[in-house]
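Asks: Sending over a structure as structure tokens; questions will come in a sec.
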Amino acid sequence: MADWPVESLGNMTLLQYAKTPYMDLLAKKGKTGMLKTVQDGFHPGSEVANSSILGYDQEKVYEGRGPLEAASIGVELAPDDMAIRCNIICIEGDNIKNHSCGRLETEEGDILIKYLQDKLANDPEIVAKYGNIVHFYTGVQYRHLLVINGGNKYIKCTPPHDVPLHPWRPELVKPDTEAEAKALANGAKPTKLSATETAELINTLIVKSQELLGKHPFNAQRIAEGKDPANSIWPWAGGYRPHMATLQETFPQIKKGAVITAVDLIRGIGHYAGLRCIDVEGATGLYDTNYEGKAAAAIEALKTDDFVYLHVEASDEAGHDGDLELKLQTIENLDKRAIGPIYEEVKNWDESVAIAVLPDHPTPVAHRTHTNEPIPFLIYAPGIEPDGVQTFDEVACKEGSYGTLEKDGFIKAFMAIN
Ligand SMILES: [Zn+2]
């Protein structure tokens with residue numbers, strides 16, 4: 001939700017301009033502040049921002065997308081596994097045509113991933129050189145998973161969405177020997193494969209996948225239908241199983257907790273944080289998401305659990321689209337269709353419920369991608385002493401009594417509410 005002042009809105013931010021009676025009410029009745037959700041030196045990704053909100057120090061837990069997506073699809077990683085996102089992309093001649101081969105249904109991706117598992121994981125040349133260490137797992141649509149047992153994470157990969165229409169060969173994986181040496185000097189356990197060997201293996205898999213997928217009947221049919229062929233894998237964002245203490249371990253008052261989200265990365269964070277993942281029908285991660293269903297699931301979970309992390313992606317997507325009207329709508333939807341119903345339901349419960357509202361990071365419509373600026377937050381609980389801030393937005397919350405927090409400052413403040 002967080003954004004910059006917009007000229008056409010009279011230099012107000014979207015949170016200032018949008019009609020958000022419930023967020024404003026909770027800010028007025030509660031306490032507010034700003035939170036730095038992106039630690040210095042880290043990219044303002046959703047995985048960084050959301051795990052920071054939950055209090056995790058990125059220096060200690062950051063492992064990138066691969067391991068989080070593994071958790072999201074139920075793949076438990078061994079301590080010596082390296083998990084890496086594996087896109088199925090479209091190559092045209094020497095170039096990456098796109099990062100997702102247009103539209104690929106999960107069932108279609110599943111056919112190709114199972115085929116690659118069969119052929120590549122058991123490829124005699126690969127098995128002879130490295131052993132039986134390659135595993136492909138089906139994820140969602142074009143986004144799948146590659147696990148290399150004994151793989152090294154210190155490799156430089158190019159996210160394929162960053163290089164559409166670029167030649168693919170110069171973007172192949174390279175070892176980050178400097179980072180590898182530094183990790184070893186700092187006491188990291190050596191991996192079975194070095195960074196150089198891991199990069200070589202992944203590049204071999206990419207080239208072999210192109211030979212296999214190029215000949216697959218699925219792609220012949222796709223080309224006949226005028227669609228982009230799904231003709232190469234593209235692994236990126238690898239890491240190990242993160243060393244994350246569960247929230248229960250850090251905050252004993254949480255005996256049971258839940259996460260509600262349509263986004264794989266947040267599901268993965270929830271898994272390692274010890275939260276059960278609740279699936280909500282019609283939760284899409286987009287503007288048409290089932291707000292009412294998510295709110296109802298949160299209310300239901302609060303009857304049995306001590307903590308519920310409810311995540312709604314819609315505003316971020318609207319920010320990426322650069323769509324001001326749509327983003328305003330998503331903010332008003334969140335207020336009216338999720339926060340409102342939850343507050344109205346729990347406000348009179350015998351066991352009081354504390355509510356915090358916050359974005360994970362700004363995705364300004366003028367910028368169309370994430371920024372690392374601090375975001376506003378509010379914390380409300382029955383009986384909390386208000387701090388005088390009257391509205392929930394990037395300007396008003398700067399005056400809040402919490403000031404600007406960072407690292408685990410927010411979650412500790414929230415958990416300190418009785
Ligand atoms: Zn985003």
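Residue numbers start at 1 in each chain; chains themselves are named A, B, ... in the order of the structure tokens; ligands are numbered from 1 in the order shown.
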Can you tell me which residues surround A:Tyr17 at a distance of at most 9 Å, considering only C-alpha atoms, apart from same-chain residues fewer than 6 positions away, and format the answer as a list in words?
Replies: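 Skipping anything fewer than 6 positions along the chain leaves Leu9, Gly10 and Leu328 of chain A.
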Asks: Taking only C-alpha atoms and all ligand atoms and a cut-off of 8 Å, can you tell me which residues surround ligand 1, written as a list in words?
Replies: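 Here is the list of contacting residues: Gly45, Ser46, Glu313, Asp316, Glu317, Gly319, His320, Thr363, Thr369 and His370 of chain A.
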Asks: Selection from above, C-alpha atoms, as a PDB file, in the first residue's frame, can you write it?
Replies:
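Just written: again_19.pdb:
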```pdb
ATOM      1  CA  GLY A  45      11.990  -8.165  -2.072  1.00  0.00           C
ATOM      2  CA  SER A  46       8.777  -9.479  -0.527  1.00  0.00           C
ATOM      3  CA  GLU A 313      -0.892  -8.936  -2.378  1.00  0.00           C
ATOM      4  CA  ASP A 316       1.586  -4.521  -4.730  1.00  0.00           C
ATOM      5  CA  GLU A 317       0.401  -5.907  -8.067  1.00  0.00           C
ATOM      6  CA  GLY A 319       1.772  -0.777  -8.000  1.00  0.00           C
ATOM      7  CA  HIS A 320       3.744  -2.962 -10.425  1.00  0.00           C
ATOM      8  CA  THR A 363       5.555  -0.301  -4.531  1.00  0.00           C
ATOM      9  CA  THR A 369       8.776  -1.678  -8.427  1.00  0.00           C
ATOM     10  CA  HIS A 370       9.646  -2.004  -4.747  1.00  0.00           C
TER      11      HIS A 370
END
```
Asks: I'd like the contact shell of A:Val48 - 8 Å cut-off, only C-alpha atoms, skipping same-chain residues fewer than 6 positions apart - returned as number ranges by chain.
Replies: A: 37-38, 42, 58, 62
Asks: Got time to write the residues from that selection, N, CA and C atoms, as an mmCIF file, in the first residue's frame?
Replies:
```cif
data_model
loop_
_atom_site.group_PDB
_atom_site.id
_atom_site.type_symbol
_atom_site.label_atom_id
_atom_site.label_comp_id
_atom_site.auth_asym_id
_atom_site.auth_seq_id
_atom_site.Cartn_x
_atom_site.Cartn_y
_atom_site.Cartn_z
ATOM 1 N N THR A 37 11.574 -2.062 6.896
ATOM 2 C CA THR A 37 11.414 -3.509 6.655
ATOM 3 C C THR A 37 12.511 -4.083 5.755
ATOM 4 N N VAL A 38 13.346 -3.197 5.204
ATOM 5 C CA VAL A 38 14.419 -3.689 4.332
ATOM 6 C C VAL A 38 15.756 -3.295 4.945
ATOM 7 N N PHE A 42 20.243 -5.239 1.608
ATOM 8 C CA PHE A 42 19.341 -6.246 1.050
ATOM 9 C C PHE A 42 18.401 -5.618 0.027
ATOM 10 N N GLN A 58 17.933 -10.500 8.583
ATOM 11 C CA GLN A 58 18.283 -11.006 7.252
ATOM 12 C C GLN A 58 19.722 -11.510 7.188
ATOM 13 N N TYR A 62 18.669 -14.943 5.629
ATOM 14 C CA TYR A 62 18.373 -14.772 4.209
ATOM 15 C C TYR A 62 18.953 -15.905 3.352
#
```
Asks: Could you jot down the atom CA of A:Pro229 to atom CA of A:Cys90 separation for me, Å, one decimal place?
Replies: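 Atom CA of A:Pro229 sits 5.8 Å away from atom CA of A:Cys90.
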Asks: I'd like the neighbourhood of A:Ala396 as a list in words, where a residue qualifies if any of its atoms comes within 10 Å (using only C-alpha atoms), though same-chain residues fewer than 3 positions away should be ignored.
Replies: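 The contact residues come out as Gln16, Ala27, Thr32, Gly33, Met34, Pro376, Gly388, Val389, Gln390, Thr391, Phe392, Asp393, Glu399 and Gly400 of chain A.
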Asks: Taking only C-alpha atoms into account, name the residue in A:Leu146, A:Leu193, A:Val312, A:Ala78 that is nearest to A:Arg337.
Replies: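 Closest candidate: A:Val312.
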Asks: Pick out the closest residue to A:Ser401 from this set: A:Pro167, A:Pro124, A:Gly150, A:Gly30. Count only C-alpha atoms.
Replies: A:Gly30
Asks: Would you please give, as a PyMOL selection string, all residues of stretch 190-388 of chain A that DSSP assigns to strand (DSSP E) based on the backbone?
Replies: chain A and resi 232-239+257-260+276-278+307-310+355-357+375-380
